[in-house]
$ cat final-v1.txt   # compact mmCIF, C-alpha atoms
# COMPACT_ATOMS: atom_id res chain seq x y z
CA MET H 1 106.75 100.49 118.97
CA LYS H 2 103.02 101.05 118.53
CA ASP H 3 101.68 103.07 115.59
CA GLU H 4 101.26 106.27 117.59
CA THR H 5 104.96 106.14 118.52
CA LYS H 6 106.10 105.10 115.03
CA CYS H 7 104.30 108.10 113.54
CA LEU H 8 106.55 110.34 115.63
CA HIS H 9 109.84 108.47 115.82
CA SER H 10 110.31 106.01 112.93
CA GLY H 11 112.61 106.89 110.06
CA TYR H 12 114.68 109.59 111.71
CA THR H 13 116.81 109.52 114.86
CA PRO H 14 118.73 112.72 115.62
CA GLU H 15 122.42 112.39 116.32
CA ASN H 16 123.99 113.88 119.42
CA GLY H 17 123.58 117.62 119.03
CA GLY H 18 121.60 117.17 115.82
CA PRO H 19 118.25 118.75 114.97
CA ARG H 20 115.32 117.20 116.84
CA VAL H 21 112.97 117.77 113.87
CA MET H 22 113.82 115.93 110.67
CA PRO H 23 115.70 118.45 108.49
CA ILE H 24 115.16 119.25 104.83
CA VAL H 25 118.18 118.17 102.79
CA GLN H 26 117.72 120.54 99.87
CA SER H 27 120.28 119.20 97.44
CA THR H 28 120.18 117.38 94.14
CA THR H 29 123.61 115.85 94.55
CA TYR H 30 126.10 114.51 97.11
CA ARG H 31 129.87 114.74 97.40
CA PHE H 32 132.11 111.67 97.61
CA GLU H 33 135.78 111.43 98.51
CA SER H 34 136.74 109.18 95.60
CA SER H 35 135.53 108.06 92.21
CA ALA H 36 135.75 104.45 93.43
CA GLN H 37 133.35 105.18 96.27
CA MET H 38 130.87 106.74 93.88
CA ALA H 39 131.24 103.88 91.40
CA ALA H 40 130.52 101.36 94.16
CA LEU H 41 127.17 103.01 94.80
CA PHE H 42 126.13 102.35 91.22
CA ASP H 43 126.68 98.66 91.83
CA MET H 44 125.20 98.58 95.33
CA PRO H 45 123.01 101.65 96.05
CA THR H 46 123.28 101.91 99.82
CA ALA H 47 123.35 105.72 100.14
CA PRO H 48 121.98 108.73 98.23
CA MET H 49 123.93 109.57 95.09
CA TYR H 50 121.48 111.77 93.21
CA SER H 51 118.06 113.03 94.28
CA ARG H 52 116.20 111.47 91.38
CA PHE H 53 116.86 108.13 93.11
CA ALA H 54 117.04 109.00 96.78
CA ASN H 55 117.26 111.94 99.18
CA PRO H 56 117.91 111.78 102.95
CA THR H 57 114.69 113.61 103.83
CA VAL H 58 112.59 111.46 101.51
CA ASP H 59 114.45 108.36 102.70
CA ALA H 60 113.46 109.05 106.32
CA VAL H 61 109.80 109.30 105.32
CA GLU H 62 110.07 106.09 103.28
CA GLN H 63 111.47 104.29 106.32
CA LYS H 64 108.66 105.60 108.51
CA ILE H 65 105.93 104.45 106.13
CA ALA H 66 107.59 101.05 105.64
CA ASP H 67 107.71 100.64 109.41
CA LEU H 68 104.04 101.58 109.79
CA GLU H 69 103.02 99.06 107.12
CA GLY H 70 105.39 96.34 108.34
CA GLY H 71 107.38 96.26 105.08
CA VAL H 72 111.08 95.92 104.31
CA GLY H 73 111.32 99.07 102.21
CA ALA H 74 109.39 101.83 100.49
CA MET H 75 109.76 104.25 97.59
CA CYS H 76 107.99 107.60 97.53
CA THR H 77 106.67 109.04 94.27
CA SER H 78 105.47 112.43 93.10
CA SER H 79 101.79 111.41 93.12
CA GLY H 80 99.49 108.55 94.00
CA MET H 81 98.95 107.78 90.33
CA ALA H 82 102.71 107.49 89.87
CA ALA H 83 102.75 104.90 92.65
CA VAL H 84 99.92 102.95 90.99
CA MET H 85 101.66 103.06 87.61
CA LEU H 86 105.12 102.08 88.82
CA SER H 87 103.79 99.28 91.03
CA VAL H 88 102.31 97.65 87.93
CA LEU H 89 105.11 98.48 85.47
CA ASN H 90 107.64 96.94 87.85
CA LEU H 91 106.02 93.60 86.95
CA CYS H 92 104.28 94.03 83.59
CA SER H 93 105.61 94.53 80.07
CA ALA H 94 103.98 94.51 76.64
CA GLY H 95 102.14 91.24 76.19
CA ASP H 96 101.40 90.76 79.90
CA SER H 97 98.08 90.98 81.71
CA PHE H 98 96.98 91.66 85.26
CA ILE H 99 93.73 91.52 87.22
CA SER H 100 92.07 94.42 89.03
CA THR H 101 88.84 94.76 90.92
CA GLY H 102 86.38 97.01 89.10
CA THR H 103 85.62 99.29 92.04
CA VAL H 104 88.94 101.11 92.09
CA TYR H 105 89.60 104.83 91.77
CA GLY H 106 88.50 106.23 88.40
CA GLY H 107 92.00 107.42 87.56
CA SER H 108 93.29 103.89 88.11
CA VAL H 109 90.53 102.48 85.90
CA ASN H 110 91.54 104.84 83.11
CA LEU H 111 95.25 104.04 83.55
CA PHE H 112 94.54 100.32 83.47
CA SER H 113 91.96 100.19 80.69
CA VAL H 114 93.20 102.94 78.36
CA THR H 115 96.79 104.08 78.92
CA LEU H 116 98.44 100.75 79.74
CA LYS H 117 96.43 99.12 76.95
CA LYS H 118 98.25 101.41 74.50
CA TYR H 119 101.50 99.87 75.70
CA GLY H 120 100.31 96.31 75.23
CA ILE H 121 99.38 95.55 78.85
CA GLU H 122 95.92 94.07 79.38
CA CYS H 123 93.84 94.64 82.52
CA ILE H 124 91.16 92.07 83.32
CA PHE H 125 88.54 93.53 85.66
CA VAL H 126 86.68 91.35 88.15
CA ASP H 127 83.99 92.19 90.68
CA CYS H 128 85.44 92.93 94.11
CA ASP H 129 82.88 90.49 95.52
CA ALA H 130 83.84 87.71 93.09
CA ASP H 131 84.31 84.26 94.60
CA GLU H 132 87.61 82.46 94.33
CA ASP H 133 86.59 80.37 91.31
CA THR H 134 85.63 83.51 89.38
CA ILE H 135 88.95 85.15 90.20
CA ARG H 136 90.82 81.97 89.20
CA ARG H 137 89.11 81.91 85.82
CA ALA H 138 90.37 85.44 85.15
CA VAL H 139 93.99 84.35 85.60
CA LYS H 140 95.82 83.74 82.32
CA PRO H 141 99.30 82.31 81.66
CA ASN H 142 100.59 85.89 81.20
CA THR H 143 98.89 87.32 84.32
CA ARG H 144 101.47 89.00 86.54
CA LEU H 145 99.55 90.41 89.50
CA ILE H 146 96.20 91.11 91.15
CA PHE H 147 95.29 94.66 92.23
CA GLY H 148 92.61 95.98 94.59
CA GLU H 149 91.80 98.74 97.10
CA THR H 150 91.28 98.11 100.81
CA ILE H 151 88.42 100.65 100.81
CA ALA H 152 87.47 101.51 97.25
CA ASN H 153 87.18 105.13 96.13
CA PRO H 154 84.32 106.19 95.92
CA ALA H 155 82.25 102.97 96.03
CA LEU H 156 83.55 102.26 99.56
CA THR H 157 83.53 98.51 99.02
CA VAL H 158 85.86 96.56 101.31
CA LEU H 159 88.30 94.14 99.73
CA ASP H 160 88.45 90.60 101.07
CA ILE H 161 92.24 90.68 101.07
CA GLU H 162 92.71 87.07 102.15
CA ARG H 163 90.49 85.75 99.34
CA PHE H 164 92.36 87.61 96.61
CA ALA H 165 95.71 86.77 98.20
CA ARG H 166 94.92 83.05 98.14
CA VAL H 167 94.15 83.08 94.42
CA ALA H 168 97.20 85.22 93.69
CA HIS H 169 99.56 82.93 95.59
CA GLU H 170 98.04 79.77 94.09
CA ASN H 171 99.16 81.18 90.75
CA ASN H 172 102.56 82.42 91.97
CA ILE H 173 101.69 86.08 91.44
CA PRO H 174 101.63 88.95 93.99
CA LEU H 175 98.67 90.87 95.36
CA ILE H 176 99.01 94.68 95.28
CA VAL H 177 96.67 96.59 97.59
CA ASP H 178 95.98 100.33 97.49
CA ASN H 179 95.62 101.15 101.18
CA THR H 180 95.03 104.91 100.79
CA PHE H 181 91.70 105.28 102.59
CA ALA H 182 92.49 102.83 105.38
CA THR H 183 96.08 103.90 106.02
CA PRO H 184 98.28 101.53 108.04
CA VAL H 185 96.59 102.85 111.18
CA LEU H 186 93.29 101.15 110.28
CA CYS H 187 94.51 98.20 108.21
CA LYS H 188 97.84 96.50 107.54
CA PRO H 189 97.26 94.46 104.35
CA PHE H 190 100.56 92.56 104.72
CA GLU H 191 99.08 90.81 107.77
CA PHE H 192 96.36 89.37 105.54
CA GLY H 193 98.54 88.20 102.66
CA ALA H 194 99.11 91.26 100.47
CA ASP H 195 102.59 91.49 98.96
CA ILE H 196 102.84 95.13 97.87
CA VAL H 197 100.99 98.12 99.33
CA ILE H 198 100.61 101.53 97.73
CA HIS H 199 99.19 104.85 98.89
CA SER H 200 98.28 108.21 97.56
CA THR H 201 100.01 110.12 100.33
CA SER H 202 98.13 113.23 99.14
CA LYS H 203 95.18 111.93 101.19
CA TYR H 204 95.10 110.98 104.87
CA MET H 205 98.87 110.61 105.24
CA ASP H 206 99.44 114.25 104.31
CA GLY H 207 96.04 115.22 105.68
CA HIS H 208 96.35 118.93 104.98
CA ALA H 209 96.01 119.13 101.18
CA LEU H 210 99.51 120.57 100.92
CA GLN H 211 101.13 118.48 98.18
CA CYS H 212 100.61 115.46 95.98
CA GLY H 213 102.54 112.29 96.62
CA GLY H 214 102.49 108.52 96.57
CA VAL H 215 104.40 105.58 97.99
CA ILE H 216 105.03 101.91 97.21
CA VAL H 217 105.80 99.57 100.12
CA ASP H 218 107.37 96.13 99.70
CA SER H 219 106.45 93.38 102.19
CA GLY H 220 109.59 91.46 101.30
CA ARG H 221 107.62 88.21 101.52
CA PHE H 222 106.87 87.30 97.92
CA ASP H 223 109.10 84.62 96.36
CA TRP H 224 110.33 86.20 93.12
CA THR H 225 112.32 83.02 92.38
CA CYS H 226 109.08 81.07 91.77
CA GLY H 227 109.88 80.87 88.04
CA LYS H 228 107.47 83.52 86.76
CA PHE H 229 109.68 86.58 87.16
CA PRO H 230 113.02 86.14 85.37
CA GLU H 231 113.60 89.92 85.47
CA PHE H 232 114.27 89.48 89.21
CA THR H 233 116.47 86.39 88.93
CA GLU H 234 118.50 87.12 85.80
CA PRO H 235 121.10 89.88 85.30
CA ASP H 236 119.72 93.34 84.58
CA GLU H 237 121.93 94.52 81.74
CA SER H 238 120.54 98.04 82.09
CA TYR H 239 122.02 98.19 85.59
CA HIS H 240 125.47 96.60 85.48
CA GLY H 241 124.22 93.02 85.48
CA ILE H 242 122.67 93.17 88.96
CA VAL H 243 120.50 90.19 89.91
CA TYR H 244 117.87 91.66 92.20
CA THR H 245 116.99 88.53 94.18
CA LYS H 246 120.66 87.63 94.64
CA ASP H 247 121.98 91.08 95.46
CA PHE H 248 119.05 92.50 97.42
CA GLY H 249 117.15 89.48 98.77
CA SER H 250 113.81 90.41 100.31
CA MET H 251 114.08 93.98 98.95
CA ALA H 252 114.31 92.85 95.31
CA TYR H 253 110.97 94.38 94.26
CA ILE H 254 111.45 97.84 95.73
CA ILE H 255 115.10 98.13 94.65
CA LYS H 256 114.19 97.13 91.10
CA ALA H 257 111.44 99.78 91.09
CA ARG H 258 113.92 102.42 92.20
CA MET H 259 116.90 101.49 90.02
CA GLN H 260 114.90 100.78 86.84
CA LEU H 261 111.69 102.79 86.87
CA MET H 262 112.54 105.77 89.05
CA ARG H 263 115.86 106.05 87.21
CA ASP H 264 114.10 106.26 83.85
CA MET H 265 110.86 108.08 84.75
CA GLY H 266 112.08 110.40 87.46
CA CYS H 267 108.81 110.89 89.35
CA TYR H 268 110.55 111.31 92.71
CA PRO H 269 109.21 113.83 95.27
CA SER H 270 111.13 116.85 96.46
CA ALA H 271 112.73 117.01 99.90
CA ASN H 272 110.36 119.81 100.86
CA SER H 273 107.33 117.71 99.92
CA ALA H 274 108.64 114.84 102.05
CA PHE H 275 109.17 117.21 104.98
CA LEU H 276 105.54 118.36 104.76
CA LEU H 277 104.35 114.77 104.41
CA ASN H 278 106.23 113.86 107.56
CA LEU H 279 104.38 116.57 109.49
CA GLY H 280 101.13 114.91 108.43
CA LEU H 281 102.39 111.45 109.34
CA GLU H 282 103.27 112.61 112.85
CA THR H 283 99.56 113.14 113.65
CA LEU H 284 98.14 110.39 111.42
CA SER H 285 97.18 107.99 114.20
CA LEU H 286 95.49 110.70 116.22
CA ARG H 287 93.64 112.14 113.22
CA MET H 288 92.34 108.76 112.04
CA GLU H 289 90.52 108.30 115.34
CA ARG H 290 88.60 111.57 114.85
CA TYR H 291 87.96 110.93 111.15
CA CYS H 292 86.36 107.60 112.02
CA GLU H 293 84.33 109.06 114.88
CA ASN H 294 83.00 111.99 112.82
CA GLY H 295 82.45 109.82 109.76
CA ARG H 296 80.35 107.31 111.67
CA LYS H 297 78.15 110.05 113.17
CA VAL H 298 77.56 111.67 109.77
CA ALA H 299 76.74 108.28 108.22
CA GLU H 300 74.23 107.55 111.00
CA TYR H 301 72.61 110.96 110.49
CA LEU H 302 72.31 110.57 106.71
CA GLN H 303 70.97 107.04 107.09
CA ASN H 304 67.89 108.54 108.74
CA SER H 305 67.31 111.29 106.17
CA PRO H 306 64.28 110.84 103.86
CA LYS H 307 66.18 112.68 101.10
CA ILE H 308 68.98 110.12 100.98
CA GLU H 309 68.33 106.93 99.04
CA ALA H 310 71.35 105.00 100.28
CA VAL H 311 74.40 105.45 102.50
CA ARG H 312 77.59 103.53 101.77
CA TYR H 313 79.76 103.30 104.84
CA ALA H 314 81.14 99.98 105.97
CA GLY H 315 81.19 101.13 109.58
CA LEU H 316 77.39 101.01 109.73
CA PRO H 317 75.74 97.79 110.94
CA GLY H 318 73.69 96.49 108.04
CA ASP H 319 76.08 97.78 105.40
CA LYS H 320 76.95 95.14 102.81
CA TYR H 321 80.61 95.28 103.83
CA TYR H 322 80.14 95.60 107.59
CA ALA H 323 81.36 92.06 108.33
CA LEU H 324 84.49 92.50 106.20
CA ALA H 325 85.12 95.85 107.86
CA GLN H 326 84.97 94.23 111.29
CA LYS H 327 87.60 91.75 110.12
CA TYR H 328 89.99 94.05 108.28
CA LEU H 329 89.18 97.47 109.78
CA PRO H 330 88.20 96.92 113.42
CA LYS H 331 89.42 100.38 114.45
CA GLY H 332 87.13 102.16 111.95
CA THR H 333 86.45 102.69 108.27
CA CYS H 334 87.86 106.22 107.78
CA GLY H 335 85.87 109.42 107.30
CA VAL H 336 84.74 109.02 103.69
CA ILE H 337 81.07 108.38 103.02
CA SER H 338 79.22 107.92 99.73
CA VAL H 339 75.52 108.74 99.62
CA ASP H 340 72.96 108.45 96.84
CA VAL H 341 70.72 111.51 96.84
CA LYS H 342 67.11 110.77 95.85
CA GLY H 343 66.27 112.10 92.41
CA GLY H 344 69.71 111.66 90.87
CA ARG H 345 72.12 114.18 89.40
CA ALA H 346 70.18 117.47 89.82
CA PRO H 347 69.29 117.09 93.53
CA ALA H 348 72.82 115.86 94.22
CA GLY H 349 74.20 119.02 92.65
CA LYS H 350 71.79 121.19 94.60
CA PHE H 351 72.83 119.54 97.85
CA ILE H 352 76.52 120.13 97.12
CA ASP H 353 75.97 123.73 96.05
CA SER H 354 73.99 124.45 99.24
CA LEU H 355 76.73 123.39 101.63
CA LYS H 356 78.48 126.29 103.38
CA LEU H 357 81.06 124.77 105.71
CA ALA H 358 82.00 121.83 103.50
CA SER H 359 83.99 122.67 100.36
CA CYS H 360 83.23 121.39 96.88
CA GLU H 361 86.69 120.32 95.72
CA VAL H 362 88.63 117.64 93.88
CA HIS H 363 90.13 116.13 96.96
CA VAL H 364 89.38 113.68 99.73
CA ALA H 365 90.72 112.74 103.16
CA ASP H 366 91.51 116.31 104.19
CA ILE H 367 91.32 117.83 107.68
CA ARG H 368 88.45 119.95 106.32
CA THR H 369 85.14 118.46 105.22
CA CYS H 370 84.86 118.35 101.44
CA VAL H 371 82.39 116.94 98.93
CA LEU H 372 82.47 115.86 95.31
CA HIS H 373 80.13 114.52 92.62
CA PRO H 374 82.11 111.57 91.16
CA ALA H 375 80.00 110.96 88.04
CA SER H 376 80.72 114.44 86.69
CA THR H 377 84.26 114.88 88.02
CA THR H 378 86.72 112.14 88.99
CA HIS H 379 84.84 109.47 87.04
CA ARG H 380 83.50 111.53 84.12
CA GLN H 381 85.91 109.83 81.70
CA LEU H 382 84.21 106.48 82.33
CA THR H 383 81.40 105.06 80.22
CA ASP H 384 78.01 104.36 81.81
CA ALA H 385 78.93 100.68 82.00
CA GLN H 386 82.23 101.50 83.69
CA LEU H 387 80.46 103.82 86.12
CA ILE H 388 78.15 101.00 87.16
CA ALA H 389 81.12 98.63 87.50
CA ALA H 390 82.90 101.23 89.64
CA GLY H 391 79.85 101.50 91.89
CA VAL H 392 79.03 105.07 90.87
CA ASN H 393 75.56 106.34 90.00
CA PRO H 394 74.43 109.84 88.92
CA GLY H 395 73.11 110.78 92.35
CA MET H 396 76.18 109.73 94.30
CA VAL H 397 77.92 112.34 96.46
CA ARG H 398 81.24 111.54 98.12
CA ILE H 399 81.54 113.22 101.50
CA SER H 400 84.97 113.37 103.12
CA VAL H 401 84.24 114.22 106.73
CA GLY H 402 86.90 116.42 108.28
CA LEU H 403 87.97 117.34 111.79
CA GLU H 404 85.58 120.21 112.45
CA ASN H 405 83.23 119.98 115.41
CA ILE H 406 80.66 117.30 114.59
CA ASP H 407 77.73 119.59 115.49
CA ASP H 408 78.90 122.14 112.92
CA ILE H 409 79.29 119.46 110.25
CA LEU H 410 75.82 118.05 110.87
CA SER H 411 74.23 121.52 110.92
CA ASP H 412 75.74 122.28 107.52
CA ILE H 413 74.45 119.01 106.07
CA GLU H 414 71.01 119.59 107.58
CA GLN H 415 70.60 123.06 106.04
CA ALA H 416 71.84 121.81 102.66
CA LEU H 417 69.40 118.90 102.62
CA ALA H 418 66.61 121.35 103.40
CA GLN H 419 67.28 123.05 100.04
CA ILE H 420 66.34 119.96 97.98

$ encode --input "final-v1.txt" --output "structure tokens"
Amino acid sequence: MKDETKCLHSGYTPENGGPRVMPIVQSTTYRFESSAQMAALFDMPTAPMYSRFANPTVDAVEQKIADLEGGVGAMCTSSGMAAVMLSVLNLCSAGDSFISTGTVYGGSVNLFSVTLKKYGIECIFVDCDADEDTIRRAVKPNTRLIFGETIANPALTVLDIERFARVAHENNIPLIVDNTFATPVLCKPFEFGADIVIHSTSKYMDGHALQCGGVIVDSGRFDWTCGKFPEFTEPDESYHGIVYTKDFGSMAYIIKARMQLMRDMGCYPSANSAFLLNLGLETLSLRMERYCENGRKVAEYLQNSPKIEAVRYAGLPGDKYYALAQKYLPKGTCGVISVDVKGGRAPAGKFIDSLKLASCEVHVADIRTCVLHPASTTHRQLTDAQLIAAGVNPGMVRISVGLENIDDILSDIEQALAQI
């Protein structure tokens, strides 16, 4: 099936006489006919047993997202940050290191450089434009993975997935890609060598700003028996001596994440949240077309404004990342634009405060146009040096173009620019 069809039909097939729309299974627990049957599920988790691990409604959404990304399995989480955290902790322990590009979401930068550091895990940041030799030099004997974002938030750099994948695989480590802004409709990182994909489903996948969520998707292609990951090839004494590569094959990574980390941390979404997410997924392909169309028109308009110093949008010819976008994102580069307002922080604030249709809010990738000043909000915890590394300057405004009529969006921007 094509993506448009998968968005509607993957993950859930109604039985004869069953509900056409995926139902909400609002239950924490499940009844079994025998203690032996229940015990067997603890050795081989093939069905829901408790809703901290799995729920039929959530499971259907996980299957849909895995199908859209081309993976073997997925695990939903209660937030995008939970997905980022668990994707790393599934591979890293105290004493390990991993590599991340510097232009990732500010919350991820803080998680990597502050919180995980407290637990003895080192993050080595590299420029997203680094050549292969530079990336290779960052790899240490204890490096366990490389992490990057398809389209970085809010710098809007485009990751050369194949370049980072080559270095990762040369060193027998996986590449994890945050595909939130692109979604599987615009880019499928597995096709370019990524091994694990994550999303903040709170963004385009949900699309309506209804609930937070995240997801981890396993490609099933990485060889965990390469000698660097004994936790996948040796018995897990915390889970009845299971050997993940032996017992679960290509799904070793995602099953380990579920049966170790989700078991202990419990950041699983509710059935109701999954139901709402599914409603967003059903229109994802259709919405991404309009986001890209509106985003490109707003970027072109702002590019010609004398009050805008720079426009960052990889869909524009002449943008630094235009060539990479044509390779990895030929259908479009989403509806998020970052602009540098001339004069810095004060004029940027005036522009935001003067908007009437667009909302000033801590969100992005909504059906409604919204704006944000990263340096004073999402990235305010970063030092000046980290802001520069993340591609954020004081005058930057992130514009998430919504699905309103494009003439109304442009009129709002025009009147707001006239105030500065």

$ atom_distance --input "final-v1.txt" --atom1 "CA of Asp206 (chain H)" --atom2 "CA of Cys370 (chain H)"
15.4 Å

$ closest_residue --input "final-v1.txt" --among "H:Ile216, H:Ala390, H:Ile367, H:Ala299" --to "Ala257 (chain H)" --atoms "only C-alpha atoms"
H:Ile216

$ axis_aligned_box --input "final-v1.txt" --around "region 62-80 of chain H" --padding-each-side "3 Å" --output "AutoDock Vina command-line options"
--center_x 105.5 --center_y 104.2 --center_z 101.4 --size_x 18.0 --size_y 22.5 --size_z 22.7

$ atom_distance --input "final-v1.txt" --atom1 "CA of Ile99 (chain H)" --atom2 "CA of His169 (chain H)"
13.3 Å

$ residues_around --input "final-v1.txt" --residues "Met44 (chain H)" --least-positions-apart "6" --cutoff "10 Å" --atoms "only C-alpha atoms" --output "list in words"
Ile242, Asp247 and Phe248 of chain H

$ write_last_selection --input "final-v1.txt" --atoms "C-alpha atoms" --output "PDB file, keeping the file's coordinate frame"
ATOM      1  CA  ILE H 242     122.670  93.170  88.960  1.00  0.00           C
ATOM      2  CA  ASP H 247     121.980  91.080  95.460  1.00  0.00           C
ATOM      3  CA  PHE H 248     119.050  92.500  97.420  1.00  0.00           C
TER       4      PHE H 248
END

$ residues_around --input "final-v1.txt" --residues "Met38 (chain H)" --least-positions-apart "5" --cutoff "12 Å" --atoms "all atoms listed in the file" --output "PyMOL selection string"
chain H and resi 29-33+43-50

$ residues_near_point --input "final-v1.txt" --point "(98.9, 92.4, 100.7)" --cutoff "7 Å" --atoms "all atoms listed in the file" --output "list in words"
Ile161, Ala165, Leu175, Ile176, Val177, Pro189, Phe190, Phe192, Gly193, Ala194, Asp195, Ile196 and Val197 of chain H

$ atom_distance --input "final-v1.txt" --atom1 "CA of Asn304 (chain H)" --atom2 "CA of Leu410 (chain H)"
12.6 Å

$ closest_residue --input "final-v1.txt" --among "H:Thr369, H:Ser79, H:Ser219, H:Asn179" --to "Asn405 (chain H)" --atoms "all atoms listed in the file"
H:Thr369

$ closest_residue --input "final-v1.txt" --among "H:Val339, H:Ala182, H:Ile388, H:Tyr322" --to "Cys292 (chain H)" --atoms "only C-alpha atoms"
H:Ala182

$ residues_around --input "final-v1.txt" --residues "Thr233 (chain H)" --least-positions-apart "6" --cutoff "7 Å" --atoms "only C-alpha atoms" --output "list of chain:residue names"
H:Thr225, H:Val243, H:Tyr244, H:Thr245

$ closest_atom_pairs --input "final-v1.txt" --of "region 150-223 of chain H" --to "region 125-131 of chain H" --cutoff "8 Å" --atoms "all atoms listed in the file" --output "Markdown table"
| residue | atom | partner | partner_atom | distance |
| --- | --- | --- | --- | --- |
| H:Thr157 | CA | H:Cys128 | CA | 7.7 |
| H:Leu159 | CA | H:Cys128 | CA | 6.4 |
| H:Asp160 | CA | H:Asp129 | CA | 7.9 |
| H:Arg163 | CA | H:Asp131 | CA | 7.9 |

$ closest_residue --input "final-v1.txt" --among "H:Asn272, H:Ser10, H:Ser285, H:Thr143" --to "Ala66 (chain H)" --atoms "only C-alpha atoms"
H:Ser10

$ closest_residue --input "final-v1.txt" --among "H:Thr201, H:Ser93, H:Ser78, H:Ser273" --to "Val25 (chain H)" --atoms "all atoms listed in the file"
H:Ser273

$ closest_residue --input "final-v1.txt" --among "H:Ile255, H:Ala168, H:Val114, H:Ala375" --to "Gly391 (chain H)" --atoms "all atoms listed in the file"
H:Ala375

$ residues_around --input "final-v1.txt" --residues "Val215 (chain H)" --least-positions-apart "6" --cutoff "10 Å" --atoms "all atoms listed in the file" --output "number ranges by chain"
H: 61-62, 65-66, 74-84, 86-87, 178, 180, 197-202, 268-269

$ build_atoms --input "final-v1.txt" --residues "region 361-375 of chain H" --atoms "N, CA and C atoms" --output "compact mmCIF listing (two decimals), in the frame of the given file"
# COMPACT_ATOMS: atom_id res chain seq x y z
N GLU H 361 85.32 120.32 96.23
CA GLU H 361 86.69 120.32 95.72
C GLU H 361 87.10 118.94 95.26
N VAL H 362 88.10 118.91 94.39
CA VAL H 362 88.63 117.64 93.88
C VAL H 362 89.69 117.15 94.85
N HIS H 363 89.22 116.67 95.96
CA HIS H 363 90.13 116.13 96.96
C HIS H 363 89.32 115.29 97.93
N VAL H 364 90.02 114.54 98.75
CA VAL H 364 89.38 113.68 99.73
C VAL H 364 90.38 113.42 100.84
N ALA H 365 89.87 113.09 102.02
CA ALA H 365 90.72 112.74 103.16
C ALA H 365 91.54 113.93 103.65
N ASP H 366 90.89 115.07 103.72
CA ASP H 366 91.51 116.31 104.19
C ASP H 366 91.10 116.54 105.64
N ILE H 367 91.76 117.47 106.33
CA ILE H 367 91.32 117.83 107.68
C ILE H 367 90.01 118.60 107.63
N ARG H 368 89.69 119.20 106.49
CA ARG H 368 88.45 119.95 106.32
C ARG H 368 87.44 119.10 105.55
N THR H 369 86.18 119.21 105.91
CA THR H 369 85.14 118.46 105.22
C THR H 369 85.02 118.94 103.78
N CYS H 370 84.99 118.00 102.86
CA CYS H 370 84.86 118.35 101.44
C CYS H 370 83.95 117.34 100.74
N VAL H 371 83.35 117.78 99.66
CA VAL H 371 82.39 116.94 98.93
C VAL H 371 82.71 116.99 97.44
N LEU H 372 82.19 115.98 96.74
CA LEU H 372 82.47 115.86 95.31
C LEU H 372 81.38 115.02 94.67
N HIS H 373 81.09 115.30 93.39
CA HIS H 373 80.13 114.52 92.62
C HIS H 373 80.92 113.66 91.63
N PRO H 374 81.20 112.40 91.97
CA PRO H 374 82.11 111.57 91.16
C PRO H 374 81.71 111.42 89.70
N ALA H 375 80.42 111.24 89.41
CA ALA H 375 80.00 110.96 88.04
C ALA H 375 80.36 112.09 87.08
